[in-house]
file target.txt (compact mmCIF, C-alpha atoms and all ligand atoms)
# COMPACT_ATOMS: atom_id res chain seq x y z
CA MET A 1 85.13 86.14 -66.96
CA ASN A 2 87.38 83.27 -67.91
CA LEU A 3 86.05 80.31 -65.92
CA ASP A 4 89.35 78.42 -65.81
CA GLY A 5 90.41 78.11 -62.16
CA LYS A 6 87.43 80.09 -60.85
CA ASN A 7 85.57 78.99 -57.71
CA VAL A 8 81.83 78.52 -58.15
CA ILE A 9 79.03 77.70 -55.70
CA LEU A 10 75.93 76.33 -57.42
CA THR A 11 72.89 75.61 -55.23
CA GLY A 12 70.70 72.69 -56.27
CA GLY A 13 73.30 70.81 -58.31
CA SER A 14 72.14 67.23 -57.80
CA LEU A 15 69.53 67.23 -60.56
CA GLY A 16 68.33 69.03 -63.65
CA ILE A 17 69.59 72.48 -64.63
CA GLY A 18 72.09 72.59 -61.76
CA LYS A 19 73.61 69.20 -62.52
CA GLU A 20 74.12 69.99 -66.23
CA THR A 21 75.49 73.46 -65.47
CA ALA A 22 77.94 72.06 -62.91
CA LYS A 23 79.29 69.60 -65.49
CA ALA A 24 79.67 72.35 -68.11
CA LEU A 25 81.46 74.62 -65.60
CA VAL A 26 83.89 71.86 -64.61
CA ASP A 27 84.54 71.21 -68.31
CA LYS A 28 85.57 74.90 -68.54
CA GLY A 29 88.14 74.38 -65.76
CA ALA A 30 86.14 75.82 -62.83
CA ASN A 31 86.23 74.41 -59.28
CA VAL A 32 82.57 73.83 -58.58
CA LEU A 33 80.79 73.14 -55.29
CA ILE A 34 77.22 71.95 -55.64
CA THR A 35 74.59 71.83 -52.90
CA GLY A 36 71.36 69.92 -52.37
CA ARG A 37 69.26 68.44 -49.60
CA SER A 38 70.18 64.81 -50.25
CA ASN A 39 73.72 63.51 -49.83
CA LYS A 40 72.65 60.38 -51.72
CA ARG A 41 71.48 62.35 -54.78
CA LEU A 42 74.60 64.54 -54.67
CA SER A 43 76.94 61.53 -54.37
CA LYS A 44 75.33 59.99 -57.46
CA VAL A 45 76.40 62.95 -59.65
CA VAL A 46 79.98 63.38 -58.41
CA ASN A 47 81.41 61.39 -61.33
CA TYR A 48 79.13 63.00 -63.92
CA THR A 49 79.75 66.60 -62.83
CA GLY A 50 83.28 66.48 -61.37
CA ALA A 51 82.04 68.89 -58.67
CA LYS A 52 82.56 68.88 -54.90
CA ILE A 53 79.38 68.34 -52.88
CA ILE A 54 77.78 69.56 -49.67
CA ASP A 55 74.31 68.72 -48.40
CA PHE A 56 72.08 71.13 -46.54
CA ASP A 57 68.57 72.50 -46.89
CA ILE A 58 68.71 76.12 -48.04
CA ALA A 59 65.35 76.64 -46.30
CA ASP A 60 67.08 75.96 -42.96
CA ILE A 61 67.31 79.67 -42.21
CA ASN A 62 68.69 79.25 -38.67
CA ASN A 63 71.80 77.43 -39.96
CA ILE A 64 72.38 79.38 -43.15
CA THR A 65 75.45 81.25 -41.87
CA ARG A 66 77.08 78.03 -40.71
CA ASN A 67 76.29 76.26 -44.00
CA ALA A 68 77.55 79.19 -46.08
CA ASN A 69 80.77 79.33 -44.03
CA GLU A 70 81.29 75.61 -44.66
CA CYS A 71 80.91 76.23 -48.43
CA ILE A 72 83.39 79.11 -48.27
CA LYS A 73 85.87 76.94 -46.36
CA MET A 74 85.56 74.17 -48.98
CA LEU A 75 86.55 76.75 -51.63
CA ASP A 76 89.53 78.09 -49.63
CA GLY A 77 87.83 81.39 -48.86
CA ARG A 78 87.28 82.56 -52.45
CA VAL A 79 83.98 82.57 -54.34
CA ASP A 80 84.10 84.06 -57.84
CA VAL A 81 80.64 82.96 -58.97
CA LEU A 82 77.43 82.14 -57.07
CA ILE A 83 74.64 80.46 -59.01
CA ASN A 84 71.35 80.55 -57.07
CA ASN A 85 69.56 77.67 -58.76
CA ALA A 86 67.90 75.57 -55.99
CA GLY A 87 64.18 76.07 -56.26
CA LEU A 88 60.82 74.42 -56.00
CA GLY A 89 57.23 75.13 -56.87
CA VAL A 90 53.65 74.23 -56.12
CA ARG A 91 50.55 74.80 -58.21
CA LYS A 92 47.57 75.99 -56.15
CA SER A 93 44.37 77.82 -56.97
CA ILE A 94 43.38 80.83 -54.86
CA GLU A 95 40.93 78.66 -52.88
CA GLU A 96 43.73 76.22 -52.01
CA LEU A 97 46.29 78.77 -50.78
CA SER A 98 47.84 78.05 -47.38
CA ILE A 99 50.58 79.72 -45.38
CA ASP A 100 52.41 76.37 -45.21
CA ASP A 101 52.69 76.20 -49.01
CA PHE A 102 53.73 79.86 -49.23
CA LEU A 103 56.46 79.30 -46.63
CA LYS A 104 57.64 76.02 -48.19
CA VAL A 105 58.30 77.79 -51.49
CA PHE A 106 59.39 81.24 -50.26
CA ASN A 107 61.81 79.76 -47.69
CA VAL A 108 63.75 78.19 -50.58
CA ASN A 109 63.17 80.46 -53.60
CA VAL A 110 63.38 83.79 -51.78
CA PHE A 111 64.38 83.82 -48.10
CA GLY A 112 67.03 81.06 -48.15
CA LEU A 113 68.41 82.30 -51.46
CA ALA A 114 68.70 85.90 -50.23
CA LEU A 115 70.23 85.05 -46.85
CA PHE A 116 72.73 82.64 -48.43
CA THR A 117 73.75 85.33 -50.95
CA LYS A 118 74.16 87.81 -48.09
CA GLU A 119 76.89 85.53 -46.67
CA ILE A 120 78.81 85.34 -49.98
CA VAL A 121 78.67 88.99 -51.07
CA PRO A 122 81.25 90.30 -48.53
CA LEU A 123 83.90 88.02 -50.09
CA MET A 124 83.12 89.41 -53.53
CA LYS A 125 83.18 92.99 -52.22
CA ILE A 126 86.66 92.48 -50.75
CA LYS A 127 87.88 91.25 -54.15
CA ASN A 128 85.94 93.98 -55.96
CA SER A 129 84.62 91.40 -58.41
CA GLY A 130 82.18 88.53 -58.70
CA THR A 131 79.19 87.22 -60.59
CA ILE A 132 75.84 86.15 -59.17
CA ILE A 133 73.39 84.30 -61.39
CA ASN A 134 69.81 84.01 -60.11
CA ILE A 135 67.71 81.35 -61.80
CA GLY A 136 64.25 82.82 -62.12
CA SER A 137 61.61 81.63 -64.54
CA THR A 138 59.25 82.97 -67.14
CA ALA A 139 56.98 82.86 -64.05
CA SER A 140 59.09 85.83 -62.83
CA LEU A 141 57.54 87.90 -65.62
CA LYS A 142 53.87 86.96 -65.86
CA GLY A 143 51.33 85.36 -63.56
CA TYR A 144 49.22 82.42 -64.70
CA LYS A 145 46.40 80.16 -63.47
CA ASN A 146 47.38 78.31 -60.24
CA GLY A 147 50.70 80.19 -60.13
CA SER A 148 50.00 82.38 -57.06
CA ILE A 149 52.72 80.86 -54.90
CA TYR A 150 55.47 79.92 -57.38
CA ALA A 151 55.11 82.97 -59.64
CA SER A 152 55.00 85.39 -56.72
CA SER A 153 58.20 83.82 -55.34
CA LYS A 154 59.91 84.23 -58.72
CA PHE A 155 58.59 87.82 -59.05
CA ALA A 156 60.18 88.44 -55.62
CA LEU A 157 63.44 86.97 -56.87
CA ARG A 158 63.36 89.32 -59.88
CA CYS A 159 63.00 92.20 -57.44
CA LEU A 160 65.97 90.95 -55.40
CA THR A 161 68.00 90.75 -58.62
CA GLN A 162 67.20 94.37 -59.47
CA CYS A 163 67.93 95.60 -55.92
CA TRP A 164 71.27 93.76 -55.86
CA GLN A 165 72.21 95.14 -59.27
CA ALA A 166 71.70 98.66 -57.89
CA GLU A 167 73.73 97.89 -54.75
CA LEU A 168 76.52 95.79 -56.19
CA ARG A 169 77.48 97.30 -59.55
CA PRO A 170 79.63 99.92 -57.77
CA HIS A 171 81.61 96.95 -56.37
CA ASN A 172 82.10 95.43 -59.85
CA ILE A 173 79.77 92.58 -58.92
CA ARG A 174 77.50 91.47 -61.75
CA VAL A 175 74.03 90.15 -60.92
CA CYS A 176 72.17 88.40 -63.72
CA GLN A 177 68.77 86.71 -63.74
CA ILE A 178 68.07 83.90 -66.18
CA ASN A 179 64.42 83.02 -66.79
CA PRO A 180 63.86 79.63 -68.43
CA SER A 181 60.47 78.56 -69.71
CA GLU A 182 59.58 74.86 -69.27
CA VAL A 183 62.61 72.56 -69.05
CA THR A 184 62.24 68.77 -68.88
CA THR A 185 63.63 68.01 -65.38
CA ALA A 186 62.50 66.51 -62.07
CA PHE A 187 60.98 69.90 -61.17
CA GLY A 188 57.60 69.29 -59.50
CA SER A 189 58.34 65.58 -58.93
CA SER A 190 58.10 64.74 -55.23
CA LEU A 191 59.95 61.48 -55.97
CA ARG A 192 62.71 63.53 -57.69
CA ILE A 193 62.43 61.51 -60.93
CA GLU A 194 63.97 63.21 -63.97
CA ARG A 195 61.87 63.52 -67.13
CA GLU A 196 62.97 62.30 -70.55
CA ASP A 197 63.94 64.99 -73.07
CA ILE A 198 61.13 66.04 -75.45
CA SER A 199 62.25 67.12 -78.92
CA ASN A 200 60.48 70.53 -78.97
CA LYS A 201 60.96 71.46 -75.28
CA LEU A 202 64.00 73.02 -73.62
CA THR A 203 66.56 70.70 -72.06
CA THR A 204 68.99 71.48 -69.25
CA LYS A 205 71.75 71.95 -71.87
CA GLU A 206 70.24 75.17 -73.28
CA ILE A 207 70.00 76.64 -69.79
CA ALA A 208 73.56 75.57 -68.89
CA HIS A 209 74.68 77.20 -72.16
CA SER A 210 72.86 80.44 -71.26
CA ILE A 211 74.35 80.53 -67.75
CA ILE A 212 77.88 79.94 -68.98
CA SER A 213 77.54 82.50 -71.79
CA ALA A 214 76.43 85.12 -69.26
CA ILE A 215 79.38 84.37 -66.97
CA GLU A 216 81.94 84.26 -69.78
CA MET A 217 81.19 87.75 -71.08
CA ASP A 218 84.09 90.09 -70.28
CA ASP A 219 83.67 91.51 -66.75
CA ARG A 220 83.25 95.05 -68.09
CA GLY A 221 79.72 94.09 -69.14
CA PHE A 222 76.88 91.89 -67.98
CA ILE A 223 73.49 90.61 -69.03
CA ASN A 224 71.01 91.94 -66.47
CA GLU A 225 68.25 89.49 -67.43
CA LEU A 226 67.92 86.74 -69.99
CA ASN A 227 64.71 84.96 -71.00
CA VAL A 228 65.06 81.53 -72.59
CA TRP A 229 62.17 80.13 -74.62
CA ALA A 230 61.68 76.92 -76.56
CA THR A 231 61.35 77.80 -80.23
CA ASN A 232 58.18 75.82 -80.98
CA PRO A 233 56.79 74.02 -77.90
CA PHE A 234 53.17 74.21 -79.13
CA ASN A 235 52.46 70.69 -80.38
N1 LIG B 1 62.21 72.89 -64.95
C1 LIG B 1 61.58 73.96 -65.34
O1 LIG B 1 60.63 73.88 -66.17
C2 LIG B 1 62.01 75.32 -64.84
C3 LIG B 1 61.55 76.44 -65.55
C4 LIG B 1 61.92 77.70 -65.11
C5 LIG B 1 62.71 77.85 -64.00
N2 LIG B 1 63.14 76.75 -63.32
C6 LIG B 1 63.98 76.97 -62.13
O2 LIG B 1 65.21 76.35 -62.32
C7 LIG B 1 65.78 75.96 -61.07
C8 LIG B 1 66.22 74.51 -61.15
O3 LIG B 1 65.09 73.74 -61.49
P1 LIG B 1 65.17 72.27 -62.11
O4 LIG B 1 64.15 72.22 -63.17
O5 LIG B 1 66.57 71.90 -62.40
O6 LIG B 1 64.60 71.47 -60.85
P2 LIG B 1 64.99 70.06 -60.19
O7 LIG B 1 65.35 69.10 -61.27
O8 LIG B 1 63.88 69.77 -59.27
O9 LIG B 1 66.31 70.41 -59.38
C9 LIG B 1 66.27 71.29 -58.29
C10 LIG B 1 67.59 71.22 -57.54
O10 LIG B 1 67.47 72.03 -56.36
C11 LIG B 1 67.72 71.23 -55.21
N3 LIG B 1 66.89 71.69 -54.11
C12 LIG B 1 65.53 71.76 -54.08
N4 LIG B 1 65.11 72.23 -52.89
C13 LIG B 1 66.23 72.48 -52.17
C14 LIG B 1 66.46 72.97 -50.87
N5 LIG B 1 65.45 73.28 -50.04
N6 LIG B 1 67.75 73.09 -50.43
C15 LIG B 1 68.77 72.74 -51.23
N7 LIG B 1 68.61 72.28 -52.48
C16 LIG B 1 67.37 72.14 -52.93
C17 LIG B 1 67.39 69.80 -55.66
O11 LIG B 1 68.08 68.81 -54.92
P3 LIG B 1 67.36 67.95 -53.74
O12 LIG B 1 65.97 67.63 -54.21
O13 LIG B 1 68.23 66.77 -53.55
O14 LIG B 1 67.39 68.89 -52.59
C18 LIG B 1 67.93 69.83 -57.09
O15 LIG B 1 69.33 69.66 -57.09
C19 LIG B 1 64.69 76.25 -60.03
O16 LIG B 1 64.98 77.46 -59.39
C20 LIG B 1 63.43 76.38 -60.85
O17 LIG B 1 62.48 77.22 -60.25
C21 LIG B 1 62.81 75.49 -63.72

call {"tool": "encode", "arguments": {"input": "target.txt", "output": "structure tokens"}}
result
Amino acid sequence: MNLDGKNVILTGGSLGIGKETAKALVDKGANVLITGRSNKRLSKVVNYTGAKIIDFDIADINNITRNANECIKMLDGRVDVLINNAGLGVRKSIEELSIDDFLKVFNVNVFGLALFTKEIVPLMKIKNSGTIINIGSTASLKGYKNGSIYASSKFALRCLTQCWQAELRPHNIRVCQINPSEVTTAFGSSLRIEREDISNKLTTKEIAHSIISAIEMDDRGFINELNVWATNPFN
């Protein structure tokens, strides 16, 4: 897909991977709408990204249809690409598990994401084209110590990706999951403070590059899943 002139919704565009991807998409000529919970954080990145902004909490399940309709209206009724990037995580041992933590994470990473996508897919079906990028994680592929809540949410996302691929390929809609390993962002920071780059760890630029490469492939093909590792993060 040639991104020039395409309409893109990117959830979680105020920081980190979403912010860098939004800027790269705008540089390619796309009209990009980014979402986030904080209007203040979104306003701060308008100049950097060149994207339009809308603030709402994707975990607000009762208002998801209204919020999705507002996004669609801001893009004049056409959505060519949806990038499901907004996400959060907690680290808890089995003894510390609580339903509140499960719901906090699943409401964003799984339930909100799925119900938001449900609102966008009919537009893509009418056009018989579209691309959906789900941002998973290497935690979508393998569990790890204290990962019960986050990794199970990202495993669930991987399952959604596979189900949607089966349902949507006949409509020429491509669904791709991108699984980054550790990226130096504000992820996990309750104060939403971005980390400095570290020379041997992934930065948001490699993930933005992966997302854009997947979208730019000719529409006759698609990458079903892409894992992105740092080359040598061990020291
Ligand atoms: N960083 C990593 O090491 C890493 C590795 C693998 C996968 N990932 C995945 O990559 C994605 C982006 O992560 P990141 O590292 O860029 O994190 P980040 O820097 O914390 O950014 C997350 C973005 O999502 C938004 N967001 C969070 N909760 C939201 C909600 N309930 N409703 C709407 N927007 C919400 C945040 O904005 P507000 O806070 O203003 O709402 C922010 O724009 C996530 O899905 C994450 O799981 C990250």

call {"tool": "residues_around", "arguments": {"input": "target.txt", "residues": "Gly188 of chain A", "least_positions_apart": "3", "cutoff": "9 Å", "atoms": "all atoms listed in the file", "output": "VMD selection string"}}
result
chain A and resid 88 to 90 185 191 to 192

call {"tool": "closest_residue", "arguments": {"input": "target.txt", "among": "A:Asn128, A:Thr11, A:Gln162, A:Asn69", "to": "Gly112 of chain A", "atoms": "all atoms listed in the file"}}
result
A:Thr11

call {"tool": "atom_distance", "arguments": {"input": "target.txt", "atom1": "atom CA of Ile215 of chain A", "atom2": "atom C9 of ligand LIG 1 (chain B)"}}
result
20.5 Å

call {"tool": "closest_residue", "arguments": {"input": "target.txt", "among": "A:Arg66, A:Lys73, A:Arg195, A:Arg78", "to": "ligand LIG 1 (chain B)", "atoms": "only C-alpha atoms and all ligand atoms"}}
result
A:Arg195

call {"tool": "closest_residue", "arguments": {"input": "target.txt", "among": "A:Ile120, A:Val110, A:Cys159, A:Ile94", "to": "Lys145 of chain A", "atoms": "only C-alpha atoms"}}
result
A:Ile94

call {"tool": "closest_residue", "arguments": {"input": "target.txt", "among": "A:Leu115, A:Ile64, A:Ala186, A:Leu3", "to": "Glu216 of chain A", "atoms": "all atoms listed in the file"}}
result
A:Leu3

call {"tool": "atom_distance", "arguments": {"input": "target.txt", "atom1": "atom CA of Ile99 of chain A", "atom2": "atom C5 of ligand LIG 1 (chain B)"}}
result
22.3 Å

call {"tool": "decode", "arguments": {"input": "target.txt", "residues": "segment 19-150 of chain A", "atoms": "C-alpha atoms", "output": "JSON list (two decimals), in the first residue's frame"}}
result
[["chain", "number", "residue", "atom", "x", "y", "z"],
["A", 19, "LYS", "CA", 4.46, 8.78, 18.51],
["A", 20, "GLU", "CA", 7.44, 7.79, 16.33],
["A", 21, "THR", "CA", 5.26, 5.74, 13.98],
["A", 22, "ALA", "CA", 2.79, 8.62, 13.58],
["A", 23, "LYS", "CA", 5.62, 10.96, 12.58],
["A", 24, "ALA", "CA", 6.99, 8.44, 10.06],
["A", 25, "LEU", "CA", 3.52, 7.90, 8.56],
["A", 26, "VAL", "CA", 2.93, 11.64, 8.18],
["A", 27, "ASP", "CA", 6.36, 11.92, 6.52],
["A", 28, "LYS", "CA", 5.08, 9.36, 3.98],
["A", 29, "GLY", "CA", 2.08, 11.59, 3.18],
["A", 30, "ALA", "CA", -0.56, 9.81, 5.29],
["A", 31, "ASN", "CA", -3.35, 11.61, 7.19],
["A", 32, "VAL", "CA", -2.89, 10.29, 10.69],
["A", 33, "LEU", "CA", -5.22, 10.46, 13.69],
["A", 34, "ILE", "CA", -3.61, 9.52, 16.99],
["A", 35, "THR", "CA", -5.42, 8.67, 20.22],
["A", 36, "GLY", "CA", -4.47, 8.65, 23.90],
["A", 37, "ARG", "CA", -5.98, 9.23, 27.31],
["A", 38, "SER", "CA", -4.40, 12.64, 27.91],
["A", 39, "ASN", "CA", -5.22, 15.65, 25.76],
["A", 40, "LYS", "CA", -2.20, 17.40, 27.28],
["A", 41, "ARG", "CA", 0.22, 14.64, 26.20],
["A", 42, "LEU", "CA", -1.38, 14.47, 22.74],
["A", 43, "SER", "CA", -1.23, 18.26, 22.28],
["A", 44, "LYS", "CA", 2.49, 18.20, 23.08],
["A", 45, "VAL", "CA", 3.23, 15.94, 20.08],
["A", 46, "VAL", "CA", 1.08, 17.66, 17.45],
["A", 47, "ASN", "CA", 4.05, 19.60, 16.05],
["A", 48, "TYR", "CA", 6.43, 16.63, 16.21],
["A", 49, "THR", "CA", 4.09, 14.13, 14.54],
["A", 50, "GLY", "CA", 1.93, 16.34, 12.28],
["A", 51, "ALA", "CA", -1.02, 14.11, 13.26],
["A", 52, "LYS", "CA", -4.58, 15.01, 14.27],
["A", 53, "ILE", "CA", -5.45, 14.11, 17.87],
["A", 54, "ILE", "CA", -8.39, 12.77, 19.86],
["A", 55, "ASP", "CA", -8.41, 11.86, 23.53],
["A", 56, "PHE", "CA", -10.36, 8.96, 25.00],
["A", 57, "ASP", "CA", -9.63, 5.92, 27.12],
["A", 58, "ILE", "CA", -9.82, 2.79, 24.98],
["A", 59, "ALA", "CA", -10.75, 0.87, 28.14],
["A", 60, "ASP", "CA", -13.99, 2.89, 28.31],
["A", 61, "ILE", "CA", -15.96, 0.04, 26.78],
["A", 62, "ASN", "CA", -19.39, 1.70, 27.19],
["A", 63, "ASN", "CA", -18.37, 4.64, 24.97],
["A", 64, "ILE", "CA", -16.26, 2.80, 22.42],
["A", 65, "THR", "CA", -18.81, 3.06, 19.60],
["A", 66, "ARG", "CA", -19.20, 6.80, 20.12],
["A", 67, "ASN", "CA", -15.42, 7.32, 20.29],
["A", 68, "ALA", "CA", -14.81, 5.20, 17.18],
["A", 69, "ASN", "CA", -17.52, 7.11, 15.29],
["A", 70, "GLU", "CA", -15.83, 10.39, 16.26],
["A", 71, "CYS", "CA", -12.52, 9.06, 14.86],
["A", 72, "ILE", "CA", -14.23, 7.98, 11.64],
["A", 73, "LYS", "CA", -15.86, 11.42, 11.30],
["A", 74, "MET", "CA", -12.47, 13.14, 11.76],
["A", 75, "LEU", "CA", -11.16, 11.07, 8.82],
["A", 76, "ASP", "CA", -14.17, 11.85, 6.57],
["A", 77, "GLY", "CA", -15.55, 8.33, 6.79],
["A", 78, "ARG", "CA", -12.53, 6.48, 5.36],
["A", 79, "VAL", "CA", -10.01, 4.42, 7.32],
["A", 80, "ASP", "CA", -7.35, 2.68, 5.23],
["A", 81, "VAL", "CA", -5.10, 1.58, 8.10],
["A", 82, "LEU", "CA", -5.76, 0.89, 11.79],
["A", 83, "ILE", "CA", -2.75, 0.50, 14.07],
["A", 84, "ASN", "CA", -3.73, -0.98, 17.44],
["A", 85, "ASN", "CA", -0.80, 0.20, 19.51],
["A", 86, "ALA", "CA", -2.20, 1.52, 22.84],
["A", 87, "GLY", "CA", -1.21, -0.90, 25.55],
["A", 88, "LEU", "CA", -0.06, -1.25, 29.11],
["A", 89, "GLY", "CA", 1.38, -3.88, 31.38],
["A", 90, "VAL", "CA", 1.87, -4.89, 34.97],
["A", 91, "ARG", "CA", 4.36, -7.33, 36.45],
["A", 92, "LYS", "CA", 2.82, -9.56, 39.13],
["A", 93, "SER", "CA", 3.74, -12.91, 40.62],
["A", 94, "ILE", "CA", 1.07, -15.60, 40.91],
["A", 95, "GLU", "CA", 0.60, -14.75, 44.61],
["A", 96, "GLU", "CA", -0.08, -11.10, 43.73],
["A", 97, "LEU", "CA", -2.68, -11.68, 41.00],
["A", 98, "SER", "CA", -5.91, -9.71, 41.35],
["A", 99, "ILE", "CA", -8.97, -9.34, 39.16],
["A", 100, "ASP", "CA", -8.46, -5.55, 39.20],
["A", 101, "ASP", "CA", -5.02, -5.88, 37.60],
["A", 102, "PHE", "CA", -6.28, -8.42, 35.07],
["A", 103, "LEU", "CA", -9.14, -6.09, 34.09],
["A", 104, "LYS", "CA", -6.92, -2.99, 33.96],
["A", 105, "VAL", "CA", -4.67, -4.66, 31.40],
["A", 106, "PHE", "CA", -7.21, -6.75, 29.46],
["A", 107, "ASN", "CA", -9.65, -3.83, 29.13],
["A", 108, "VAL", "CA", -6.97, -1.96, 27.13],
["A", 109, "ASN", "CA", -4.84, -4.66, 25.46],
["A", 110, "VAL", "CA", -7.66, -7.03, 24.52],
["A", 111, "PHE", "CA", -11.27, -5.93, 25.09],
["A", 112, "GLY", "CA", -10.96, -2.24, 24.13],
["A", 113, "LEU", "CA", -8.70, -3.09, 21.20],
["A", 114, "ALA", "CA", -11.09, -5.73, 19.86],
["A", 115, "LEU", "CA", -14.25, -3.67, 20.27],
["A", 116, "PHE", "CA", -12.63, -0.60, 18.69],
["A", 117, "THR", "CA", -11.48, -2.72, 15.72],
["A", 118, "LYS", "CA", -15.01, -4.11, 15.39],
["A", 119, "GLU", "CA", -16.22, -0.54, 14.71],
["A", 120, "ILE", "CA", -13.62, 0.10, 11.98],
["A", 121, "VAL", "CA", -13.81, -3.20, 10.07],
["A", 122, "PRO", "CA", -17.20, -2.51, 8.36],
["A", 123, "LEU", "CA", -15.67, 0.53, 6.61],
["A", 124, "MET", "CA", -12.81, -1.60, 5.33],
["A", 125, "LYS", "CA", -15.21, -4.34, 4.20],
["A", 126, "ILE", "CA", -17.24, -1.84, 2.15],
["A", 127, "LYS", "CA", -14.03, -0.73, 0.41],
["A", 128, "ASN", "CA", -12.82, -4.33, 0.10],
["A", 129, "SER", "CA", -9.40, -3.26, 1.37],
["A", 130, "GLY", "CA", -7.58, -2.20, 4.51],
["A", 131, "THR", "CA", -4.69, -2.99, 6.79],
["A", 132, "ILE", "CA", -4.80, -3.64, 10.52],
["A", 133, "ILE", "CA", -1.55, -3.74, 12.49],
["A", 134, "ASN", "CA", -1.74, -5.18, 16.01],
["A", 135, "ILE", "CA", 1.20, -4.34, 18.25],
["A", 136, "GLY", "CA", 1.86, -7.44, 20.29],
["A", 137, "SER", "CA", 5.11, -8.23, 22.04],
["A", 138, "THR", "CA", 7.61, -11.02, 22.38],
["A", 139, "ALA", "CA", 5.40, -11.62, 25.45],
["A", 140, "SER", "CA", 2.77, -12.79, 22.89],
["A", 141, "LEU", "CA", 5.01, -15.78, 22.18],
["A", 142, "LYS", "CA", 6.45, -16.98, 25.48],
["A", 143, "GLY", "CA", 5.51, -16.60, 29.13],
["A", 144, "TYR", "CA", 8.05, -15.45, 31.70],
["A", 145, "LYS", "CA", 8.38, -14.85, 35.46],
["A", 146, "ASN", "CA", 5.81, -12.26, 36.71],
["A", 147, "GLY", "CA", 4.27, -12.06, 33.23],
["A", 148, "SER", "CA", 0.91, -13.76, 34.00],
["A", 149, "ILE", "CA", -1.21, -10.70, 33.28],
["A", 150, "TYR", "CA", 0.68, -8.88, 30.51]]
